[in-house]
Each structure stands twice: as C-alpha cells, then as structure tokens.
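As stored in run_25.cif (mmCIF, C-alpha atoms):
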```
data_entry
loop_
_atom_site.label_atom_id
_atom_site.label_comp_id
_atom_site.auth_asym_id
_atom_site.auth_seq_id
_atom_site.Cartn_x
_atom_site.Cartn_y
_atom_site.Cartn_z
CA MET P 1 37.86 -14.34 -9.01
CA VAL P 2 38.48 -10.59 -8.73
CA GLN P 3 41.94 -10.92 -10.34
CA GLU P 4 40.35 -12.86 -13.17
CA ASP P 5 37.75 -10.10 -13.62
CA LYS P 6 40.47 -7.43 -13.64
CA ARG P 7 42.33 -9.33 -16.35
CA ARG P 8 39.11 -9.75 -18.32
CA LEU P 9 38.33 -6.03 -18.09
CA GLY P 10 41.88 -5.06 -18.99
CA ARG P 11 42.05 -7.42 -21.95
CA THR P 12 38.82 -6.35 -23.59
CA GLY P 13 39.08 -2.68 -22.65
CA GLN P 14 36.62 -0.29 -24.29
CA ASN P 15 35.10 -2.98 -26.54
CA VAL P 16 33.27 -4.51 -23.58
CA GLY P 17 29.53 -3.80 -23.56
CA LEU P 18 27.79 -1.86 -20.80
CA HIS P 19 26.27 -5.03 -19.32
CA GLU P 20 29.63 -6.72 -18.90
CA ARG P 21 31.39 -3.56 -17.68
CA VAL P 22 28.80 -3.05 -14.96
CA LEU P 23 28.83 -6.71 -13.99
CA THR P 24 32.62 -6.91 -13.89
CA GLY P 25 32.78 -3.65 -11.94
CA LEU P 26 30.33 -4.93 -9.34
CA ALA P 27 32.17 -8.24 -9.06
CA MET P 28 35.43 -6.37 -8.47
CA GLY P 29 33.84 -3.92 -6.04
CA PHE P 30 32.29 -6.33 -3.54
CA LYS P 31 33.80 -9.08 -1.41
CA GLY P 32 32.11 -12.46 -1.74
CA SER P 33 31.12 -11.90 -5.37
CA VAL P 34 30.22 -14.85 -7.57
CA PRO P 35 29.32 -13.90 -11.17
CA ASP P 36 26.95 -16.06 -13.26
CA PHE P 37 25.76 -17.98 -10.21
CA PRO P 38 23.68 -21.04 -11.26
CA LEU P 39 20.20 -21.15 -9.71
CA GLY P 40 18.40 -24.21 -11.07
CA PRO P 41 17.24 -23.60 -14.63
CA SER P 42 18.39 -19.97 -14.56
CA GLU P 43 21.38 -18.08 -13.24
CA ALA P 44 21.93 -14.86 -11.36
CA ASP P 45 24.14 -12.28 -13.08
CA LEU P 46 25.98 -11.83 -9.78
CA LEU P 47 25.66 -13.11 -6.25
CA VAL P 48 27.31 -11.33 -3.32
CA HIS P 49 27.56 -13.36 -0.13
CA GLN P 50 28.64 -11.33 2.92
CA GLY P 51 28.17 -12.88 6.36
CA ASN P 52 24.55 -13.88 6.77
CA ARG P 53 23.39 -11.71 3.87
CA VAL P 54 23.15 -12.57 0.19
CA ALA P 55 22.45 -10.02 -2.53
CA VAL P 56 21.35 -11.30 -5.91
CA PHE P 57 22.02 -8.91 -8.79
CA GLU P 58 20.38 -8.74 -12.21
CA VAL P 59 21.91 -6.27 -14.67
CA LYS P 60 19.41 -5.15 -17.29
CA THR P 61 20.79 -3.04 -20.09
CA GLY P 62 19.20 -2.05 -23.37
CA ASP P 63 17.64 0.93 -25.09
CA PRO P 64 17.53 3.60 -22.33
CA GLU P 65 14.46 5.13 -24.00
CA LEU P 66 12.42 2.01 -23.20
CA PRO P 67 10.85 1.27 -19.81
CA LEU P 68 12.21 -1.44 -17.52
CA PRO P 69 10.68 -4.79 -18.62
CA ALA P 70 7.37 -5.29 -16.84
CA SER P 71 8.32 -8.81 -15.77
CA THR P 72 11.37 -7.64 -13.79
CA SER P 73 9.68 -7.83 -10.38
CA ALA P 74 8.47 -11.42 -10.97
CA GLN P 75 11.94 -12.40 -12.21
CA MET P 76 13.62 -10.90 -9.14
CA LEU P 77 11.19 -12.61 -6.74
CA LEU P 78 11.90 -15.91 -8.50
CA LEU P 79 15.66 -15.36 -8.14
CA LYS P 80 15.23 -14.47 -4.47
CA GLU P 81 13.23 -17.64 -3.86
CA ARG P 82 15.85 -19.79 -5.60
CA VAL P 83 18.71 -18.20 -3.63
CA ARG P 84 16.82 -18.84 -0.39
CA GLN P 85 16.33 -22.51 -1.37
CA GLN P 86 19.97 -22.89 -2.36
CA PHE P 87 21.29 -21.31 0.86
CA LEU P 88 18.77 -23.06 3.12
CA ALA P 89 21.47 -24.83 5.17
CA LYS P 90 23.81 -21.82 5.39
CA ASN P 91 22.05 -19.71 8.01
CA ILE P 92 21.15 -16.81 5.73
CA ASP P 93 19.00 -14.09 7.33
CA ASP P 94 18.43 -11.86 4.37
CA VAL P 95 18.30 -12.24 0.57
CA LEU P 96 18.33 -8.89 -1.18
CA PRO P 97 17.34 -8.74 -4.86
CA VAL P 98 19.00 -5.83 -6.72
CA VAL P 99 18.22 -4.66 -10.26
CA VAL P 100 20.90 -2.55 -11.94
CA THR P 101 19.57 -0.96 -15.10
CA ASN P 102 19.88 1.74 -17.71
CA TYR P 103 16.24 1.36 -18.75
CA ARG P 104 13.77 4.13 -17.94
CA VAL P 105 12.42 3.62 -14.42
CA THR P 106 9.42 5.71 -13.46
CA PRO P 107 8.70 6.60 -9.83
CA ASP P 108 5.72 4.19 -9.99
CA ASP P 109 8.00 1.35 -11.19
CA GLN P 110 10.51 2.14 -8.46
CA LYS P 111 7.80 2.18 -5.80
CA GLU P 112 6.30 -1.10 -7.03
CA LEU P 113 9.69 -2.82 -6.95
CA GLU P 114 10.70 -1.42 -3.58
CA GLU P 115 7.39 -2.46 -2.04
CA GLN P 116 8.43 -6.02 -2.92
CA GLY P 117 11.84 -5.57 -1.31
CA ILE P 118 13.70 -5.14 -4.63
CA LYS P 119 16.40 -2.45 -4.78
CA VAL P 120 16.80 -0.52 -8.03
CA VAL P 121 20.10 1.05 -9.08
CA ARG P 122 20.00 3.32 -12.13
CA ILE P 123 22.95 3.50 -14.51
CA GLY P 124 22.83 7.11 -15.66
CA SER P 125 23.67 8.18 -19.22
CA ALA P 126 26.97 9.67 -18.01
CA ALA P 127 27.88 6.36 -16.37
CA SER P 128 26.95 4.56 -19.60
CA ARG P 129 29.57 6.58 -21.48
CA GLY P 130 32.39 6.80 -18.98
CA TYR P 131 31.75 4.25 -16.30
CA ASP P 132 33.22 5.30 -12.91
CA LEU P 133 33.70 2.03 -11.07
CA GLY P 134 34.49 3.49 -7.63
CA ASN P 135 31.56 5.91 -7.44
CA PHE P 136 29.14 3.38 -8.82
CA THR P 137 30.22 0.70 -6.34
CA ARG P 138 29.88 3.20 -3.47
CA GLU P 139 26.38 4.10 -4.67
CA VAL P 140 25.38 0.43 -4.77
CA ALA P 141 26.95 -0.14 -1.35
CA ASN P 142 25.01 2.79 0.16
CA LEU P 143 21.77 1.58 -1.31
CA THR P 144 22.12 -2.09 -0.40
CA GLY P 145 24.15 -1.94 2.80
CA LEU P 146 26.78 -4.26 1.28
CA GLN P 147 30.42 -3.79 2.18
CA ALA P 148 32.41 -2.45 -0.77
CA ASP P 149 35.92 -3.72 -1.43
CA LEU P 150 37.57 -0.50 -2.64
CA LEU P 151 41.15 0.63 -2.12
CA MET H 152 9.49 -18.22 -23.53
CA TYR H 153 7.47 -15.04 -23.69
CA CYS H 154 7.67 -11.65 -25.36
CA GLU H 155 7.13 -8.16 -24.11
CA VAL H 156 5.85 -5.63 -26.60
CA VAL H 157 6.39 -1.97 -25.70
CA VAL H 158 4.45 0.66 -27.62
CA LYS H 159 5.42 4.30 -27.47
CA HIS H 160 2.34 6.43 -28.07
CA LYS H 161 2.20 9.90 -29.59
CA ALA H 162 0.90 11.40 -26.35
CA VAL H 163 0.60 10.53 -22.68
CA ILE H 164 -2.17 7.94 -22.18
CA THR H 165 -4.05 6.60 -19.16
CA GLU H 166 -4.88 3.04 -18.16
CA ALA H 167 -8.62 3.67 -18.25
CA THR H 168 -8.63 5.07 -21.79
CA LEU H 169 -6.35 2.32 -23.07
CA GLN H 170 -8.64 -0.32 -21.56
CA GLU H 171 -11.63 1.36 -23.16
CA THR H 172 -9.89 1.50 -26.55
CA LEU H 173 -8.69 -2.12 -26.59
CA ARG H 174 -11.54 -3.92 -24.85
CA GLY H 175 -13.13 -6.56 -27.07
CA ARG H 176 -11.11 -5.57 -30.12
CA LEU H 177 -8.02 -7.76 -29.84
CA GLY H 178 -9.42 -11.19 -28.92
CA ALA H 179 -11.65 -13.10 -26.50
CA GLU H 180 -11.10 -11.82 -22.99
CA ILE H 181 -9.78 -14.09 -20.25
CA ALA H 182 -9.67 -13.45 -16.52
CA LEU H 183 -6.35 -12.07 -15.27
CA ASP H 184 -6.08 -14.85 -12.64
CA LYS H 185 -6.41 -17.46 -15.36
CA ALA H 186 -3.83 -15.68 -17.54
CA TYR H 187 -1.36 -15.57 -14.65
CA ARG H 188 -1.85 -19.30 -14.08
CA MET H 189 -1.10 -19.94 -17.77
CA SER H 190 2.15 -17.96 -17.57
CA ALA H 191 5.38 -19.78 -16.66
CA LEU H 192 6.76 -16.71 -14.88
CA TYR H 193 3.63 -15.19 -13.36
CA ARG H 194 2.18 -18.52 -12.15
CA ASP H 195 4.13 -18.34 -8.88
CA HIS H 196 4.73 -14.58 -8.77
CA PRO H 197 1.66 -12.81 -10.17
CA PRO H 198 2.07 -9.05 -10.59
CA ALA H 199 0.23 -6.73 -8.26
CA HIS H 200 -1.58 -5.10 -11.15
CA SER H 201 -2.35 -5.59 -14.84
CA LEU H 202 -5.08 -4.15 -17.04
CA ASP H 203 -6.62 -6.99 -19.06
CA ALA H 204 -5.91 -10.33 -20.67
CA PHE H 205 -7.18 -11.95 -23.85
CA GLU H 206 -6.50 -14.75 -26.28
CA THR H 207 -4.68 -14.06 -29.50
CA VAL H 208 -3.71 -15.98 -32.63
CA GLY H 209 -1.35 -18.97 -32.69
CA ASN H 210 -2.46 -20.46 -29.33
CA CYS H 211 -1.06 -17.50 -27.44
CA PHE H 212 -2.46 -15.08 -24.89
CA VAL H 213 -1.78 -11.45 -24.09
CA ILE H 214 -1.67 -9.65 -20.74
CA VAL H 215 -1.91 -5.86 -20.97
CA ARG H 216 0.65 -5.25 -18.24
CA LYS H 217 1.01 -1.54 -17.66
CA VAL H 218 0.85 2.03 -18.85
CA ASN H 219 3.66 4.47 -18.13
CA PHE H 220 3.13 7.96 -19.51
CA ARG H 221 3.62 7.42 -23.27
CA PHE H 222 4.35 3.69 -23.04
CA SER H 223 2.11 0.67 -22.85
CA THR H 224 3.50 -2.85 -22.28
CA TYR H 225 2.02 -6.20 -23.37
CA HIS H 226 3.08 -9.70 -22.30
CA ILE H 227 2.58 -12.43 -24.94
CA GLU H 228 3.08 -16.10 -24.20
CA GLY H 229 2.00 -19.49 -25.54
CA ASN H 230 -1.04 -21.18 -23.95
CA THR H 231 1.09 -24.30 -23.49
CA GLU H 232 4.77 -25.22 -23.56
CA ALA H 233 4.13 -26.84 -26.95
CA VAL H 234 4.01 -23.40 -28.60
CA SER H 235 7.39 -22.98 -30.30
CA VAL H 236 9.44 -19.80 -30.33
CA GLU H 237 8.80 -19.49 -34.06
CA SER H 238 5.03 -19.65 -33.49
CA LEU H 239 5.32 -17.17 -30.63
CA LEU H 240 7.21 -14.68 -32.81
CA GLY H 241 4.63 -15.15 -35.55
CA SER H 242 1.86 -14.42 -33.04
CA VAL H 243 3.70 -11.32 -31.87
CA GLN H 244 3.88 -10.10 -35.47
CA ASP H 245 0.14 -10.64 -35.97
CA PHE H 246 -0.75 -9.12 -32.61
CA ALA H 247 1.44 -6.07 -33.27
CA GLY H 248 -0.29 -5.50 -36.62
CA LEU H 249 -3.72 -5.71 -35.04
CA LEU H 250 -2.75 -3.55 -32.07
CA LEU H 251 -1.36 -0.78 -34.30
CA GLU H 252 -4.54 -0.86 -36.36
CA VAL H 253 -6.76 -0.60 -33.27
CA LEU H 254 -4.65 2.22 -31.80
CA SER H 255 -4.63 4.23 -35.02
CA SER H 256 -8.38 3.83 -35.48
CA ALA H 257 -9.24 5.30 -32.08
CA PRO H 258 -10.85 8.42 -33.58
CA THR H 259 -11.45 10.34 -30.38
CA LYS H 260 -7.97 9.64 -29.06
CA PRO H 261 -5.38 10.67 -31.66
CA GLY H 262 -2.58 10.50 -29.09
CA PHE H 263 -3.03 6.73 -28.90
CA GLN H 264 -1.32 6.18 -32.23
CA ALA H 265 1.96 4.29 -31.95
CA ARG H 266 5.12 6.23 -32.55
CA SER H 267 7.30 3.14 -32.18
CA LEU H 268 7.05 -0.50 -31.15
CA ALA H 269 9.75 -2.71 -29.66
CA VAL H 270 9.68 -6.42 -28.80
CA GLN H 271 11.95 -8.46 -26.54
CA LEU H 272 12.03 -12.23 -26.16
CA PHE H 273 12.53 -13.56 -22.60
CA GLU H 274 13.17 -16.96 -21.07
CA ASP H 275 10.50 -18.46 -18.80
CA THR H 276 12.60 -17.36 -15.82
CA GLY H 277 12.48 -13.70 -16.92
CA GLY H 278 16.05 -13.55 -18.29
CA GLU H 279 16.66 -11.74 -21.56
CA THR H 280 17.45 -13.94 -24.54
CA GLY H 281 19.05 -11.03 -26.38
CA MET H 282 16.58 -11.29 -29.23
CA GLU H 283 14.76 -8.07 -29.88
CA GLY H 284 12.86 -6.48 -32.69
CA LYS H 285 11.66 -3.06 -33.71
CA LEU H 286 8.86 -1.88 -35.93
CA ILE H 287 9.96 -1.16 -39.49
CA THR H 288 9.26 2.49 -40.25
CA PRO H 289 10.06 4.71 -43.28
CA ALA H 290 12.87 6.28 -41.20
CA SER H 291 14.42 2.88 -40.35
CA ILE H 292 14.22 1.81 -44.03
CA PHE H 293 15.89 5.07 -45.06
CA ARG H 294 18.68 4.58 -42.47
CA GLU H 295 19.23 1.04 -43.71
CA GLN H 296 19.18 1.99 -47.38
CA PHE H 297 21.50 4.91 -46.76
CA GLY H 298 24.02 2.63 -45.05
CA TRP H 299 27.48 1.89 -46.38
CA SER H 300 26.53 -1.54 -47.77
CA SER H 301 24.01 0.10 -50.10
CA LEU H 302 26.12 3.12 -51.04
CA ARG H 303 29.41 1.23 -51.46
CA SER H 304 29.17 0.50 -55.21
CA SER H 305 28.04 4.06 -56.03
CA VAL H 306 30.89 5.57 -53.99
CA ILE H 307 33.45 3.33 -55.71
CA ALA H 308 32.09 4.24 -59.16
CA PHE H 309 32.18 7.94 -58.22
CA ALA H 310 35.75 7.72 -56.86
CA THR H 311 36.86 5.84 -60.00
CA ALA H 312 35.32 8.42 -62.31
CA VAL H 313 36.91 11.30 -60.38
CA LEU H 314 40.35 9.65 -60.47
CA LEU H 315 40.19 8.82 -64.16
CA ILE H 316 39.10 12.32 -65.09
CA TRP H 317 41.77 13.81 -62.83
CA LEU H 318 44.47 11.61 -64.43
CA GLY H 319 43.07 12.19 -67.92
CA LEU H 320 42.94 8.45 -68.67
CA LYS H 321 39.71 8.46 -70.63
CA GLN H 322 41.51 7.43 -73.81
CA GLU H 323 43.63 4.67 -72.26
CA PRO H 324 41.28 1.75 -71.51
CA LEU H 325 43.93 -0.64 -70.16
CA LYS H 326 45.29 1.84 -67.63
CA ALA H 327 41.75 2.96 -66.78
CA SER H 328 40.73 -0.66 -66.03
CA ILE H 329 43.79 -1.21 -63.85
CA TYR H 330 43.09 1.99 -61.88
CA SER H 331 39.40 1.04 -61.52
CA PHE H 332 40.35 -2.40 -60.19
CA ALA H 333 42.93 -0.84 -57.86
CA ILE H 334 40.28 1.45 -56.38
CA VAL H 335 37.97 -1.51 -55.69
CA VAL H 336 40.87 -3.34 -53.99
CA VAL H 337 41.79 -0.27 -51.90
CA PHE H 338 38.17 0.19 -50.77
CA THR H 339 37.83 -3.51 -49.93
CA LEU H 340 41.05 -3.50 -47.92
CA LEU H 341 40.02 -0.31 -46.12
CA GLU H 342 36.59 -1.76 -45.37
CA ALA H 343 38.10 -5.04 -44.15
CA SER H 344 40.57 -3.24 -41.84
CA ILE H 345 37.90 -0.97 -40.32
CA GLY H 346 35.49 -3.90 -40.01
CA SER H 347 38.05 -6.11 -38.28
CA VAL H 348 38.81 -3.37 -35.72
CA LEU H 349 35.13 -2.64 -35.02
CA THR H 350 34.00 -6.26 -34.78
CA SER H 351 37.04 -7.72 -33.05
CA GLY H 352 36.03 -10.78 -31.04
CA LYS H 353 32.33 -10.50 -31.85
CA ILE H 354 30.18 -13.28 -33.26
CA LYS H 355 27.85 -12.40 -36.09
CA TRP H 356 24.44 -13.92 -35.36
CA LYS H 357 21.59 -14.31 -37.77
CA LEU H 358 17.94 -15.00 -37.09
CA ARG H 359 16.61 -17.86 -39.20
CA GLN H 360 13.52 -16.87 -41.20
CA ARG H 361 10.39 -19.03 -41.28
#
```

Kindly transcribe the structure held in the file into structure tokens.
Amino acid sequence: MVQEDKRRLGRTGQNVGLHERVLTGLAMGFKGSVPDFPLGPSEADLLVHQGNRVAVFEVKTGDPELPLPASTSAQMLLLKERVRQQFLAKNIDDVLPVVVTNYRVTPDDQKELEEQGIKVVRIGSAASRGYDLGNFTREVANLTGLQADLL
Amino acid sequence: MYCEVVVKHKAVITEATLQETLRGRLGAEIALDKAYRMSALYRDHPPAHSLDAFETVGNCFVIVRKVNFRFSTYHIEGNTEAVSVESLLGSVQDFAGLLLEVLSSAPTKPGFQARSLAVQLFEDTGGETGMEGKLITPASIFREQFGWSSLRSSVIAFATAVLLIWLGLKQEPLKASIYSFAIVVVFTLLEASIGSVLTSGKIKWKLRQR
C-alpha cells in the first residue's frame, strides 16, 4: 500500500491537490494505514490500525479563510461509531477520530471537538505551500499517540 | 444532502445579537430538538449547541449553527428525503437572498452586513461533495470579465494591429490577412499548450442549470 502511495505521489508530483498530498503523506507515514476505508454508506479518508487502537482520519481542505464546517463533530462521531461497529470482533480498545484541516479553527471549535474526543491537526499555510511530510507526520504522531513509520 | 452557508460579516458579531436580528424574520420557528430529529446527520449526533431553527422555502429547514467572530454558519436541509438536490440548492439561493436582506436592514447593527457568503453541499454522512458556491459580487464579476477568455479577442486584435503597422503592411491586404490569421493560430497554439500543461489529468466538470 505504501509503495503504491509513493508511486502515486511521485507520478503526479506538484499537480496533486493539498487534500491528496496530506492523505498520501499520512498513509505513507503510519504503519497499518488503509486509505479510503469503506464504512457502510460512507468511507473514511484514512484508517490507521495499530495494535488495539484504530485512528480514523478525515482530511478537510478548502478555503483557509472559512471556518471548519459546523457539522464536522457530528461527522466524526458517526465515523467513530461505524469504525467501532466494523471492528467489533477485533478486540479494539480505542477508536480515535482525527480531523486534519486547513480551515480556520477557533479555540472554541477546538475545545468543542476535543471535549468529544476528536483530535484536530491544523495544516498551516506554510505546510500548504511546501508540505514537509516528515515533520507533519511527527506532529500527528505526537498528537494522536500513533507510531510513525519514518526512516 | 445538506448545505452549510457561511456568512462573513463586516464586524465581529455575537450570538445574542444575531438571534435578536434574525428571530421571526426568516420563517416559522421550530424547536431545535425537532430540527435535529429531521436532520439525517444530527438525528443520531445532535450538536451540543445551536442558536435557532426555522422552516424555509422549498420544504427545507434551517438551523442557525454557530457564530465565530465575524462568521455565522447556517445548516439547510430538506424536511424529507424526497427533497432533491436541485430543490435544496434553489432553497439555499432563496434563503441566502432573504438572509442578506435581513442582515443589511439591521439599522442599529451596521456590522451585521454580509461581506461575503459561501455555500458547501455535503452528503448525509457529513462528507464533502465538492460542490461549493460563492456570492456573486461586483469584484467577482470584474475578475471574471477581466479574465483571459474575455480579453482574448481584444488582445489578438491589438497584437495584429501592432504587427501590421510595424511591418508596414497596411496597403497589402493579402499579406495582412495571412499575418492576421497566423497571429490567431499562434495564440491558439500557445493557449492550448499552456492549458494542456495546467489542466493535465483533470476532468472539467459542469453544474447543470435548472
């Protein structure tokens, strides 16, 4: 899967949009990554399964001047519920919903999401221009407690 | 499917003043609990806080979701699954018109006026559909009109005139026509090469009009 992602990133180079670059970078940076994971009628952008933990990622990119969509918390809770149902027989202790976004996130938004157990990772404007895969993966790993797969 | 409308106001606003400004002016109010039950996404995961909810045109309802400094966000969804995406987008258009009117006619609160308005269409599960819209403003019309597609013919005519004057071909119509045609071909080839590099591998989508 990771080799396939590397080929995909190499082939499309700079023409790849921010959403795909971030998603591909995350898939390459974490062991147990499954992009576009089907969850009933919807799908998770990325699922990372490490031991008895599963992190479900949603990458939201758009106009960075606009606030994070107000329905994000409900969407993430729905994804979490569906992951829990899907992994019912696999002895999963923890499902961690993670939003990765370049939208504007106010401290109130962040607090509201974190109170519901949803982690928020901001893609800064510098990262939007020249995306540093290693640093970004480390930041996500620190925030989520996932084990990064970096050389 | 549902839409989120985000309004950027001229100044920082508060929830209380927005509620006061909108109350009773956008449609018949409905209880927030009832609105959450009508929503495909919020039915099972209602938000911790919203401001108000009311009915709007086209069998749709609106939830005033939140206020963040200069932004206010509105959730619009069909009352039933029978409401089509086309009807929903039509309702969003009507609601946006009414909302802008109400915000601009708040005499004691000039900062309420909308500076911009953006809409996004979402799936019932909260995923983005990729369809989004922005309010047409004089600035956006100017940007569009000043784009290459509008200026192309004028630029070609100007380049042709400059070349013909420079070559002194005013009195030789056959040569002048050939040069004029050659300039159009050169511009078209140039445009096609730049376009093919910029849009390599991309699909051009179009939104069908009602």

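Counting all atoms listed in the file, the residue from P:Ala44, P:Ala70, P:Ala55, P:Val98 that sits nearest to Ser201 of chain H is P:Ala70.
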
Original post:
What is the atom CA of Leu66 of chain P to atom CA of Arg104 of chain P distance in Å?
Top reply: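 Pair atom CA of Leu66 of chain P / atom CA of Arg104 of chain P returns 5.8 Å.
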
**OP:** Go through the shown structure with the PyMOL selection byres ((chain H and resi 158) around 9) and write out the matching residues as a list in words.
**Re:**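 Evaluating the PyMOL selection byres ((chain H and resi 158) around 9) on these coordinates yields Val156, Val157, Lys159, His160, Arg221, Phe222, Ser223, Thr224, Tyr225, Leu251, Ala265, Arg266, Ser267, Leu268, Ala269 and Val270 of chain H.
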
**OP:** Give as number ranges by chain every residue, naming chains and numbers as the document does, that has an atom within 12 Å of (15.1, -15.5, -4.4), counting only C-alpha atoms.
**Re:** P: 39-40, 42-44, 47, 54-58, 73-88, 92, 94-98, 116-118; H: 196, 276

Original post:
Near Val120 of chain P, within 9 Å and counting only C-alpha atoms, which residues show up once chain neighbours fewer than 2 positions away are dropped, as a PyMOL selection string?
Top reply: chain P and resi 97-101+105+110+113-114+118+122+143

Subject >> Expansion of the PyMOL selection byres ((chain H and resi 277) around 7) into residues, as a PyMOL selection string >> reply: (chain P and resi 71-72+75) or (chain H and resi 192+273-276+278-279)

Original post:
Interatomic distance between atom CA of Met189 of chain H and atom CA of Lys60 of chain P?
Top reply: 25.3 Å

**OP:** Just say which residues the PyMOL selection byres ((chain H and resi 190) around 9) picks in this file, as a PyMOL selection string.
**Re:** chain H and resi 153+185-189+191-195+228-231+275

**OP:** Grab the atom CA of Asn91 of chain P to atom CA of Asn52 of chain P distance for me, in Å with one decimal place.
**Re:**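 Atom CA of Asn91 of chain P sits 6.5 Å away from atom CA of Asn52 of chain P.
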
Subject >> Close residues, segment 323-331 of chain H itself excluded, 9 Å, only C-alpha atoms, min 6 positions apart in chain, as a PyMOL selection string >> reply: chain H and resi 307-308+310-312+314-315

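Each of H:Ile334, H:Val163, H:Leu173, H:Val215 was compared to chain P using only C-alpha atoms, and H:Val215 turns out to be the nearest.
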
**OP:** Kindly indicate which residue among H:Ala343, H:Val348, H:Phe338, H:Ser301 lies nearest to chain P, using all atoms listed in the file for the distances.
**Re:** H:Val348

Original post:
Closest to Leu133 of chain P among P:Lys111, P:Gly17, P:Ala148, P:Ser33, using only C-alpha atoms?
Top reply: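 Comparing P:Lys111, P:Gly17, P:Ala148, P:Ser33 against Leu133 of chain P, the winner is P:Ala148.
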
Original post:
For chain P, which of H:Glu283, H:Asp245, H:Glu171, H:Glu342 is the closest residue, counting only C-alpha atoms?
Top reply: H:Glu283

Box in all listed atoms of segment 31-47 of chain P, axis-aligned, with 6 Å more on each side; write out centre and edge lengths in Å to one decimal as JSON.
```
{"center_x": 25.5, "center_y": -16.6, "center_z": -8.0, "size_x": 28.6, "size_y": 27.1, "size_z": 25.2}
```

Original post:
Pick from H:Ala199, H:Met282, H:Ala204, H:Leu341: nearest to Leu240 of chain H, with only C-alpha atoms counted?
Top reply: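 Looking only at the distances to Leu240 of chain H, the closest residue turns out to be H:Met282.
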
Subject >> Distance query Ser255 of chain H at most 8 Å, all atoms listed in the file, self and fewer than 6 positions along chain excluded, as a ChimeraX atom specification >> reply: /H:261,263-265
